[in-house]
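What follows is the content of start.txt, which has compact mmCIF, C-alpha atoms:
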```txt
# COMPACT_ATOMS: atom_id res chain seq x y z
CA MET A 3 0.00 0.00 0.00
CA GLY A 4 2.80 2.36 0.90
CA PHE A 5 4.52 1.72 -2.43
CA ARG A 6 1.29 2.28 -4.42
CA TYR A 7 0.60 5.41 -2.40
CA SER A 8 4.07 6.74 -3.26
CA ILE A 9 3.54 5.99 -6.95
CA ALA A 10 0.21 7.81 -6.80
CA ILE A 11 1.85 10.88 -5.27
CA ILE A 12 4.55 10.86 -7.95
CA ASP A 13 1.92 10.54 -10.71
CA LYS A 14 -0.10 13.38 -9.21
CA ALA A 15 3.02 15.53 -9.00
CA ARG A 16 3.84 14.81 -12.64
CA PHE A 17 0.26 15.56 -13.64
CA GLY A 18 0.34 18.80 -11.65
CA GLY A 19 3.58 19.82 -13.36
CA ARG A 20 2.14 19.07 -16.80
CA LEU A 21 -1.01 20.97 -15.89
CA LEU A 22 1.03 23.98 -14.75
CA VAL A 23 3.04 23.96 -17.97
CA SER A 24 -0.17 23.70 -19.98
CA LEU A 25 -1.74 26.61 -18.12
CA VAL A 26 1.37 28.75 -18.67
CA CYS A 27 1.38 27.91 -22.35
CA CYS A 28 -2.33 28.66 -22.67
CA PHE A 29 -1.92 31.94 -20.79
CA SER A 30 1.02 32.93 -23.01
CA THR A 31 -1.00 32.05 -26.11
CA PHE A 32 -3.89 34.14 -24.79
CA LEU A 33 -1.59 37.14 -24.29
CA THR A 34 0.02 36.84 -27.72
CA ARG A 35 -3.00 35.90 -29.79
CA ALA A 36 -4.61 38.51 -32.01
CA GLN A 37 -7.18 40.84 -30.54
CA THR A 38 -10.73 40.69 -31.86
CA PRO A 39 -12.94 43.75 -32.49
CA ALA A 40 -15.02 42.83 -29.44
CA GLN A 41 -11.94 42.69 -27.22
CA ILE A 42 -10.68 46.06 -28.45
CA ILE A 43 -14.07 47.70 -27.94
CA SER A 44 -14.34 46.11 -24.51
CA GLU A 45 -10.97 47.63 -23.56
CA LEU A 46 -12.07 51.08 -24.77
CA LYS A 47 -15.26 50.80 -22.74
CA LEU A 48 -13.28 49.80 -19.65
CA VAL A 49 -11.15 52.94 -19.96
CA ASN A 50 -14.29 55.03 -20.38
CA ASN A 51 -16.03 53.42 -17.40
CA ASN A 52 -13.04 54.08 -15.14
CA VAL A 53 -13.34 57.79 -15.91
CA ALA A 54 -17.14 57.96 -15.80
CA ASN A 55 -17.34 56.16 -12.45
CA THR A 56 -14.80 58.36 -10.70
CA PRO A 57 -16.54 59.95 -7.66
CA CYS A 58 -17.43 63.56 -8.46
CA SER A 59 -18.58 64.79 -5.04
CA THR A 60 -15.22 66.44 -4.28
CA GLY A 61 -15.00 68.25 -7.62
CA ARG A 62 -11.53 66.89 -8.37
CA GLY A 63 -10.44 63.80 -10.22
CA MET A 64 -10.69 62.55 -13.81
CA LEU A 65 -12.66 64.02 -16.69
CA ILE A 66 -10.55 62.22 -19.29
CA SER A 67 -8.37 59.12 -19.14
CA ASN A 68 -4.78 59.20 -17.91
CA LYS A 69 -3.28 58.81 -21.38
CA ALA A 70 -5.61 61.51 -22.70
CA MET A 71 -4.29 63.77 -19.94
CA ASN A 72 -0.73 63.01 -21.12
CA ILE A 73 -1.67 64.47 -24.51
CA PHE A 74 -3.51 67.41 -22.93
CA LEU A 75 -0.49 68.28 -20.78
CA SER A 76 2.00 67.84 -23.61
CA ASN A 77 0.44 70.83 -25.39
CA LYS A 78 0.16 72.93 -22.24
CA VAL A 79 3.64 72.17 -20.92
CA SER A 80 5.31 72.69 -24.31
CA SER A 81 3.75 76.15 -24.59
CA TYR A 82 6.77 77.38 -22.61
CA LEU A 83 10.18 76.01 -23.56
CA SER A 84 12.98 78.48 -22.94
CA GLY A 85 15.76 77.03 -20.80
CA ASN A 86 17.34 73.80 -19.66
CA GLU A 87 15.07 73.57 -16.59
CA ASP A 88 11.90 73.73 -18.73
CA LEU A 89 10.04 70.55 -19.62
CA SER A 90 8.88 69.12 -22.91
CA LEU A 91 6.73 66.00 -23.15
CA TYR A 92 7.82 65.39 -26.73
CA LYS A 93 10.32 62.69 -27.64
CA ASN A 94 12.73 65.26 -29.05
CA TYR A 95 13.25 68.98 -28.52
CA VAL A 96 15.84 71.65 -29.18
CA THR A 97 16.58 74.83 -27.22
CA LEU A 98 18.76 77.70 -28.40
CA ASN A 99 20.02 80.52 -26.20
CA ALA A 100 21.39 83.52 -28.10
CA SER A 101 22.85 85.25 -25.04
CA GLU A 102 24.92 82.15 -24.20
CA GLY A 103 25.44 81.19 -27.83
CA SER A 104 24.41 77.62 -27.01
CA ILE A 105 22.25 74.90 -28.50
CA THR A 106 20.92 71.84 -26.67
CA ILE A 107 19.42 68.81 -28.42
CA ASN A 108 17.48 66.39 -26.19
CA HIS A 109 15.87 62.98 -26.57
CA ASN A 110 13.31 61.54 -24.16
CA PHE A 111 13.72 57.79 -23.57
CA HIS A 112 10.30 57.21 -22.02
CA GLN A 113 8.58 54.04 -23.22
CA PRO A 114 4.76 54.04 -22.88
CA VAL A 115 3.12 51.40 -20.72
CA ASP A 116 0.32 49.31 -22.17
CA SER A 117 -2.21 50.23 -19.48
CA ASP A 118 -3.99 53.57 -19.12
CA ASP A 119 -1.60 55.48 -16.89
CA TRP A 120 -0.03 58.91 -16.64
CA VAL A 121 3.64 59.53 -17.40
CA LYS A 122 5.39 59.01 -14.06
CA SER A 123 9.08 59.35 -14.88
CA PHE A 124 11.54 59.40 -17.73
CA VAL A 125 15.19 59.93 -18.61
CA ILE A 126 16.44 62.57 -21.04
CA ILE A 127 19.83 62.43 -22.73
CA GLY A 128 21.09 65.28 -24.86
CA ALA A 129 24.06 67.20 -26.19
CA ARG A 130 24.87 70.85 -25.47
CA ALA A 131 27.32 72.95 -27.46
CA ASN A 132 28.43 76.56 -27.61
CA ILE A 133 28.24 77.51 -31.28
CA ALA A 134 27.76 81.28 -31.64
CA ASN A 135 30.98 82.27 -29.89
CA ALA A 136 33.07 79.85 -31.92
CA TYR A 137 31.44 81.05 -35.18
CA ALA A 138 32.17 84.71 -34.37
CA ALA A 139 35.67 83.97 -33.14
CA ARG A 140 36.69 82.36 -36.43
CA PHE A 141 36.10 85.61 -38.31
CA SER A 142 37.31 88.09 -35.67
CA ASN A 143 40.40 86.36 -34.29
CA LYS A 144 38.86 86.38 -30.80
CA TYR A 145 38.84 83.79 -28.04
CA PHE A 146 37.04 80.48 -28.66
CA ASP A 147 34.73 79.67 -25.74
CA ASN A 148 34.60 75.97 -26.55
CA ARG A 149 31.91 74.02 -24.74
CA LEU A 150 30.56 70.62 -25.70
CA GLY A 151 29.09 67.99 -23.44
CA PHE A 152 26.32 65.58 -22.60
CA VAL A 153 23.16 66.34 -20.63
CA LEU A 154 21.56 63.62 -18.49
CA GLN A 155 18.30 64.32 -16.70
CA LYS A 156 15.85 62.25 -14.68
CA THR A 157 12.33 63.68 -14.23
CA TRP A 158 9.57 62.52 -11.91
CA MET A 159 6.02 63.65 -12.75
CA GLY A 160 3.26 64.13 -10.21
CA LYS A 161 -0.28 62.90 -10.79
CA PRO A 162 -2.34 65.49 -12.69
CA ILE A 163 -5.43 66.76 -10.87
CA THR A 164 -8.49 68.21 -12.60
CA PHE A 165 -10.89 70.49 -10.72
CA TYR A 166 -14.48 70.89 -11.97
CA ASP A 167 -17.95 71.82 -10.73
CA LYS A 168 -18.51 68.58 -8.79
CA CYS A 169 -21.37 66.46 -10.17
CA SER A 170 -22.83 69.27 -12.25
CA SER A 171 -22.79 70.39 -15.90
CA GLN A 172 -19.05 70.01 -16.61
CA LYS A 173 -18.92 66.41 -15.43
CA MET A 174 -22.20 65.48 -17.14
CA ALA A 175 -21.22 67.07 -20.44
CA MET A 176 -17.83 65.34 -20.49
CA ASP A 177 -19.34 61.93 -19.67
CA ALA A 178 -21.93 62.28 -22.44
CA GLN A 179 -19.54 63.55 -25.11
CA ARG A 180 -16.86 61.04 -24.21
CA SER A 181 -19.44 58.25 -24.57
CA ALA A 182 -20.42 59.60 -27.99
CA ILE A 183 -16.78 59.54 -29.05
CA LEU A 184 -16.49 55.94 -27.87
CA HIS A 185 -19.49 54.74 -29.88
CA GLY A 186 -18.31 56.61 -32.97
CA LEU A 187 -14.97 54.82 -32.72
CA GLU A 188 -16.76 51.52 -32.19
CA THR A 189 -18.66 51.97 -35.48
CA THR A 190 -15.58 52.74 -37.55
CA LEU A 191 -13.56 49.97 -35.86
CA ASN A 192 -16.21 47.35 -36.68
CA ARG A 193 -16.37 48.58 -40.27
CA LYS A 194 -12.60 48.23 -40.65
CA ALA A 195 -12.71 44.73 -39.16
CA VAL A 196 -15.47 43.63 -41.54
CA ASP A 197 -13.60 44.98 -44.57
CA PHE A 198 -10.43 43.24 -43.43
CA GLU A 199 -12.15 39.87 -42.94
CA ARG A 200 -13.69 40.13 -46.42
CA ALA A 201 -10.24 40.72 -47.83
CA LEU A 202 -8.93 37.63 -46.00
CA ASP A 203 -11.77 35.51 -47.34
CA SER A 204 -10.74 36.49 -50.86
CA ILE A 205 -7.25 35.02 -50.49
CA LYS A 206 -6.83 31.90 -52.66
CA GLN A 207 -4.37 29.03 -52.25
CA ALA A 208 -2.89 29.77 -55.66
CA GLU A 209 -1.99 33.30 -54.53
CA ILE A 210 0.15 32.07 -51.61
CA PRO A 211 1.98 28.98 -52.87
CA GLY A 212 3.78 26.95 -50.24
CA GLN A 213 1.66 28.35 -47.40
CA SER A 214 -1.37 27.17 -45.56
CA PRO A 215 -4.22 29.67 -46.12
CA ASN A 216 -5.37 29.30 -42.52
CA ALA A 217 -1.88 29.85 -41.13
CA ALA A 218 -1.35 32.89 -43.37
CA LYS A 219 -4.69 34.39 -42.34
CA THR A 220 -3.87 33.83 -38.66
CA ARG A 221 -0.61 35.74 -39.02
CA LEU A 222 -2.31 38.57 -40.87
CA ARG A 223 -5.02 38.80 -38.22
CA GLN A 224 -2.43 39.02 -35.44
CA GLY A 225 -0.68 41.97 -37.05
CA PHE A 226 -3.87 43.72 -38.14
CA TYR A 227 -5.70 43.59 -34.82
CA ALA A 228 -2.60 44.47 -32.81
CA ALA A 229 -2.16 47.59 -34.95
CA LEU A 230 -5.90 48.30 -34.80
CA ARG A 231 -5.89 48.12 -31.01
CA SER A 232 -2.96 50.54 -30.74
CA GLU A 233 -4.53 52.91 -33.26
CA TYR A 234 -7.92 53.11 -31.56
CA LEU A 235 -6.59 53.40 -28.03
CA GLN A 236 -4.59 56.41 -29.20
CA LYS A 237 -7.52 57.83 -31.16
CA PHE A 238 -9.71 57.63 -28.06
CA SER A 239 -7.06 59.40 -25.98
CA GLU A 240 -6.51 62.13 -28.59
CA ALA A 241 -10.25 62.70 -29.00
CA GLN A 242 -10.71 63.08 -25.23
CA SER A 243 -7.86 65.60 -25.02
CA ASP A 244 -9.28 67.61 -27.95
CA LEU A 245 -12.70 67.53 -26.29
CA LEU A 246 -11.39 68.95 -23.02
CA ILE A 247 -9.46 71.70 -24.85
CA LYS A 248 -12.35 72.73 -27.11
CA THR A 249 -15.14 72.63 -24.51
CA ASN A 250 -13.19 74.01 -21.51
CA ASN A 251 -15.33 71.82 -19.27
CA TYR A 252 -13.03 72.21 -16.27
CA ASN A 253 -11.96 74.90 -13.84
CA LEU A 254 -8.33 74.06 -13.18
CA VAL A 255 -5.70 71.44 -14.04
CA THR A 256 -2.58 71.20 -11.87
CA ASP A 257 0.56 69.14 -12.14
CA ASN A 258 4.16 69.20 -10.90
CA TRP A 259 7.50 67.64 -11.75
CA THR A 260 10.97 67.40 -10.28
CA SER A 261 14.15 67.05 -12.34
CA LEU A 262 17.67 66.02 -11.41
CA GLY A 263 20.29 66.78 -14.04
CA ILE A 264 24.00 66.75 -14.78
CA TYR A 265 26.02 68.37 -17.57
CA ILE A 266 29.19 66.43 -18.39
CA PRO A 267 31.68 68.34 -20.60
CA ILE A 268 33.81 66.35 -22.98
CA ILE A 269 36.38 69.11 -23.59
CA LEU A 270 38.17 71.54 -21.29
CA GLN A 271 37.82 75.30 -21.41
CA LYS A 272 41.19 76.84 -22.30
CA PHE A 273 42.35 80.36 -21.49
CA GLU A 274 45.45 82.50 -21.97
CA VAL A 275 45.96 84.68 -18.89
CA SER A 276 48.47 87.28 -17.72
CA THR A 277 48.39 88.37 -14.09
CA ALA A 278 49.41 91.91 -15.21
CA LEU A 279 50.15 93.80 -18.42
CA ASN A 280 53.89 93.17 -18.25
CA THR A 281 53.87 89.53 -17.13
CA ASP A 282 54.15 86.34 -19.16
CA VAL A 283 51.08 84.67 -20.61
CA ALA A 284 50.10 81.37 -18.97
CA ARG A 285 47.59 78.74 -19.99
CA ARG A 286 44.71 77.97 -17.67
CA TYR A 287 42.00 75.29 -17.86
CA ASN A 288 38.51 74.70 -16.46
CA TYR A 289 36.16 71.70 -16.55
CA PRO A 290 32.63 73.23 -16.38
CA LEU A 291 30.83 70.28 -14.77
CA GLU A 292 27.33 71.14 -13.55
CA PHE A 293 24.68 69.55 -11.28
CA SER A 294 21.11 70.84 -11.05
CA VAL A 295 17.80 70.15 -9.28
CA SER A 296 14.52 71.87 -10.13
CA HIS A 297 10.88 71.63 -9.14
CA THR A 298 8.06 73.11 -11.23
CA ARG A 299 4.36 73.52 -10.59
CA LEU A 300 1.84 74.15 -13.38
CA TRP A 301 -1.61 75.71 -13.03
CA GLU A 302 -3.86 75.70 -16.08
CA SER A 303 -6.97 77.76 -15.30
CA ILE A 304 -9.84 78.62 -17.63
CA LYS A 305 -10.32 82.03 -16.00
CA VAL A 306 -6.80 82.99 -14.90
CA GLY A 307 -4.59 81.44 -17.58
CA ARG A 308 -1.42 79.36 -17.42
CA ILE A 309 1.18 79.74 -14.68
CA PHE A 310 4.56 78.02 -14.34
CA PHE A 311 6.51 78.43 -11.11
CA THR A 312 9.98 76.90 -10.86
CA LEU A 313 12.44 76.72 -7.98
CA SER A 314 15.89 75.43 -8.86
CA THR A 315 19.37 75.04 -7.50
CA ARG A 316 22.58 74.13 -9.23
CA ALA A 317 26.31 74.02 -8.67
CA PHE A 318 28.95 74.33 -11.37
CA LEU A 319 32.70 74.67 -11.76
CA ASN A 320 33.15 78.37 -12.42
CA ASN A 321 36.21 80.54 -13.14
CA SER A 322 37.29 84.16 -12.97
CA ILE A 323 36.87 84.72 -16.71
CA GLN A 324 33.41 83.22 -16.96
CA SER A 325 32.21 85.32 -14.01
CA GLY A 326 33.52 88.55 -15.56
CA ALA A 327 36.26 89.27 -13.04
CA LEU A 328 39.07 89.64 -15.63
CA TYR A 329 39.70 92.01 -18.53
CA ASN A 330 39.48 90.61 -22.06
CA ALA A 331 42.47 92.09 -23.85
CA ASP A 332 45.56 91.74 -26.05
CA ILE A 333 49.02 92.78 -24.85
CA SER A 334 50.24 94.78 -27.82
CA GLY A 335 51.17 98.24 -29.01
CA PRO A 336 53.43 100.31 -31.32
CA GLU A 337 57.18 100.41 -30.79
CA ILE A 338 58.75 103.66 -29.57
CA ALA A 339 62.20 105.03 -30.40
CA ASN A 340 64.19 102.88 -27.96
CA GLY A 341 62.58 99.68 -29.27
CA ALA A 342 60.38 99.03 -26.21
CA ASN A 343 56.72 98.15 -26.66
CA THR A 344 53.96 100.41 -25.45
CA LEU A 345 51.51 98.04 -23.73
CA SER A 346 47.82 98.74 -24.31
CA LEU A 347 44.47 97.07 -23.72
CA ASN A 348 42.16 96.17 -26.59
CA GLN A 349 39.52 93.51 -27.10
CA GLY A 350 41.29 90.29 -27.96
CA ASN A 351 41.86 86.70 -26.90
CA ARG A 352 43.89 87.17 -23.70
CA PHE A 353 42.77 87.95 -20.18
CA ILE A 354 44.43 90.15 -17.56
CA GLY A 355 44.12 89.41 -13.84
CA ASP A 356 44.29 86.73 -11.19
CA TYR A 357 42.73 83.54 -12.62
CA LYS A 358 40.94 81.06 -10.31
CA ASN A 359 38.66 78.00 -10.63
CA TYR A 360 35.95 77.55 -8.00
CA VAL A 361 32.52 76.03 -7.34
CA THR A 362 29.54 78.38 -7.61
CA PRO A 363 26.25 77.33 -5.98
CA VAL A 364 23.13 78.99 -7.42
CA VAL A 365 19.54 79.34 -6.19
CA ALA A 366 16.94 80.58 -8.69
CA GLY A 367 13.22 81.13 -9.08
CA LYS A 368 11.15 81.67 -12.23
CA LEU A 369 7.54 82.72 -12.75
CA VAL A 370 5.84 82.50 -16.15
CA TYR A 371 2.34 83.76 -16.90
CA ILE A 372 0.37 83.25 -20.13
CA PRO A 373 -3.17 84.79 -20.15
CA PRO A 374 -6.19 82.71 -21.26
CA ASP A 375 -6.47 82.19 -25.03
CA SER A 376 -3.18 84.02 -25.56
CA HIS A 377 0.05 83.09 -27.28
CA VAL A 378 2.06 85.86 -25.60
CA GLY A 379 2.99 86.01 -21.93
CA VAL A 380 5.51 87.41 -19.49
CA SER A 381 8.25 85.76 -17.43
CA PHE A 382 10.65 86.80 -14.71
CA ARG A 383 13.66 84.86 -13.47
CA VAL A 384 15.99 85.80 -10.62
CA GLU A 385 19.11 83.93 -9.50
CA LYS A 386 21.55 84.42 -6.63
CA ASN A 387 25.08 83.06 -6.89
CA PHE A 388 27.12 82.25 -3.79
CA GLY A 389 30.82 82.02 -3.02
CA THR A 390 33.60 83.79 -4.92
CA TYR A 391 31.12 84.81 -7.61
CA HIS A 392 28.04 86.03 -5.73
CA ALA A 393 26.24 88.17 -8.28
CA LEU A 394 22.47 88.67 -8.30
CA ASN A 395 21.13 88.31 -11.86
CA SER A 396 17.65 88.43 -13.35
CA ILE A 397 15.86 88.05 -16.68
CA LEU A 398 12.64 89.71 -17.82
CA GLY A 399 11.13 87.88 -20.77
CA ILE A 400 8.23 87.95 -23.22
CA PRO A 401 7.48 84.35 -24.27
CA ILE A 402 5.67 83.84 -27.58
CA VAL A 403 4.34 80.46 -28.69
CA LEU A 404 3.52 79.71 -32.32
CA ILE A 405 1.06 76.91 -33.03
CA ASP A 406 0.55 74.68 -36.05
CA LYS A 407 -2.67 74.12 -38.00
CA ASN A 408 -3.87 71.68 -35.31
CA GLY A 409 -3.40 74.19 -32.51
CA VAL A 410 -0.36 72.37 -31.14
CA PRO A 411 2.71 74.39 -30.00
CA ALA A 412 5.28 74.26 -32.78
CA ILE A 413 7.97 76.72 -31.70
CA ASN A 414 8.59 78.97 -28.69
CA PHE A 415 10.40 82.31 -28.70
CA GLU A 416 11.31 84.40 -25.69
CA ALA A 417 12.67 87.91 -26.06
CA GLN A 418 14.67 88.78 -22.95
CA ILE A 419 16.27 91.65 -21.09
CA LEU A 420 19.17 90.38 -18.97
CA PHE A 421 20.17 92.26 -15.81
CA THR A 422 23.63 91.15 -14.65
CA ASP A 423 25.28 91.74 -11.27
CA MET A 424 22.42 93.76 -9.82
CA ASN A 425 24.15 93.84 -6.40
CA ASN A 426 27.42 95.29 -7.81
CA SER A 427 29.49 92.35 -6.61
CA ILE A 428 32.09 92.52 -9.42
CA LYS A 429 34.48 95.45 -8.99
CA SER A 430 37.65 94.55 -10.88
CA SER A 431 36.53 94.22 -14.50
CA GLN A 432 34.67 96.02 -17.27
CA LEU A 433 31.36 94.30 -16.47
CA PRO A 434 29.85 97.04 -14.22
CA PHE A 435 29.82 99.40 -17.25
CA ASN A 436 27.88 96.95 -19.42
CA LYS A 437 25.44 95.07 -17.20
CA ASN A 438 22.29 94.90 -19.32
CA ALA A 439 21.88 92.92 -22.49
CA ILE A 440 19.23 91.68 -24.91
CA GLY A 441 18.72 87.95 -25.25
CA LEU A 442 16.59 85.52 -27.22
CA THR A 443 15.75 81.87 -26.62
CA VAL A 444 14.08 79.43 -28.99
CA GLY A 445 12.45 76.14 -28.03
CA ILE A 446 11.33 73.61 -30.64
CA PRO A 447 9.47 70.44 -29.56
CA PHE A 448 9.03 67.85 -32.30
CA SER A 449 8.38 64.19 -33.05
CA LYS A 450 5.69 62.36 -31.07
CA ILE A 451 4.76 62.94 -27.46
CA VAL A 452 5.72 60.60 -24.61
CA TYR A 453 2.28 58.96 -24.75
```

Would you write the structure of this file as structure tokens?
Amino acid sequence: MGFRYSIAIIDKARFGGRLLVSLVCCFSTFLTRAQTPAQIISELKLVNNNVANTPCSTGRGMLISNKAMNIFLSNKVSSYLSGNEDLSLYKNYVTLNASEGSITINHNFHQPVDSDDWVKSFVIIGARANIANAYAARFSNKYFDNRLGFVLQKTWMGKPITFYDKCSSQKMAMDAQRSAILHGLETTLNRKAVDFERALDSIKQAEIPGQSPNAAKTRLRQGFYAALRSEYLQKFSEAQSDLLIKTNNYNLVTDNWTSLGIYIPIILQKFEVSTALNTDVARRYNYPLEFSVSHTRLWESIKVGRIFFTLSTRAFLNNSIQSGALYNADISGPEIANGANTLSLNQGNRFIGDYKNYVTPVVAGKLVYIPPDSHVGVSFRVEKNFGTYHALNSILGIPIVLIDKNGVPAINFEAQILFTDMNNSIKSSQLPFNKNAIGLTVGIPFSKIVY
């Protein structure tokens, strides 16, 4: 009996193992098999029901799906793209800064999840180069301010919150119109599926020699319905976002994000420096490594408009030349009768003074306001530097966003007035006589959004 009982246990264990393997295989087949029109429509309805059944008694929550809100925010967030601390929810974007003579090209590595969820975090990798100074220097025999490096940034997004008039007209209108969108998509999806199946039924054995018609049709169905599912999930999200923008059936949308970044130069800055007019010229070097942290809050209000508020801090390897503490000059002049040179200062590629490298911590704040239904706004940025270079600087800007034929931000300009060293911290150079300047930034988001 004991022996038979042992055999029975072994047989049951083998059967259980085979059953487990079978279940895994079946489950894998279920996950990889082609979607059907009914399954796709059922998934769309599930997304819609999750939004419609969100409690409305508090007047805050969901009026559109999470992925639809990703699209909604991509247009709102990309309406202001001026500096390195600004956010774009597009896969690629470029920023140019005329006052710094720099260009930054960035790529967002976010990969969308299959479920309906908001964008929670992503990594951006880019390249930053100083181009304007080098271009001008080539034709004027001036100093090359060579800068080229990589930008790495990690961003964490908060959960967007929509405020509306509780369980009243805004909520009811969005539920009804979103349902109408869903049923319109259902009709076109079924029509496409019927047309596709008719096309499959027309395939003859003679047209696909060496293949089984059933196997060929199965493969075609897998690809077709997988693409159809992706297409209609995105169409539903885009239609919801467009609906919220066109109807303005909300009071306020808020979101926030925090970014941690590093700029890693791949070449050194090189300078020729003389401590005084009659001393030898020495070569000096700097490695402008930079770390930064920023936090931004966004308010999108129907009545008030759009507000960005950013607090940031950074630390970078600074130097006396970059902070304006040295004269930019050549050591040259005409010869006098005894053969000695008359030393004079003129704009050139050498610097006069005591050169130093040091770390400069910076704390900054920026406020951007764009009125309702406007493409022109106003911005103000102030930064305080600490340590050897402790200047107080600010920027007053007029951001302008240009949209494409679909109403999506295509390019951002910001005309700026730069106020440098407002606290008169630099005493030993020419900078106090030329503190104000005109600047221009350009931001260009392109490619698809991080859906």

Distance criterion (only C-alpha atoms): nearest to A:Pro411 out of A:Asn251, A:Ser303, A:Ser232, A:Ser81: A:Ser81

Using only C-alpha atoms: which of A:Ala439, A:Ala54, A:Ala229, A:Ala241 has the shortest distance to A:Met174: A:Ala54

Pairwise distance for atom CA of A:Leu270 and atom CA of A:Lys358, rounded to one decimal in Å: 14.8 Å

Exercise: A:Leu442 partners within 8 Å, all atoms listed in the file, chain neighbours under 3 positions left out, as a count of residues only: 7

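Close contacts of A:Ser296, defined as residues with an atom at most 10 Å away when counting only C-alpha atoms, with chain neighbours fewer than 3 positions off set aside, comprise Glu87, Asp88, Thr157, Trp259, Thr260, Ser261, Leu262, Gly263, Thr312, Leu313, Ser314, Thr315, Arg316, Val365, Ala366 and Gly367 of chain A.
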
Exercise: residues within 8 Å of coordinate (3.3, 75.4, -15.8), counting only C-alpha atoms, as a PyMOL selection string: chain A and resi 78-79+82+257-258+298-302+308-311+370

Residue with smallest distance to A:His185 - pool A:Ser322, A:Ser44, A:Asn55, A:Gln155, counting all atoms listed in the file: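 Result for the nearest residue to A:His185: A:Ser44.
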
Test item: residues at most 7 Å from stretch 148-151 of chain A, only C-alpha atoms, excluding those fewer than 2 positions along its chain, as a PyMOL selection string: chain A and resi 129-132+136+146+153+265-269+271
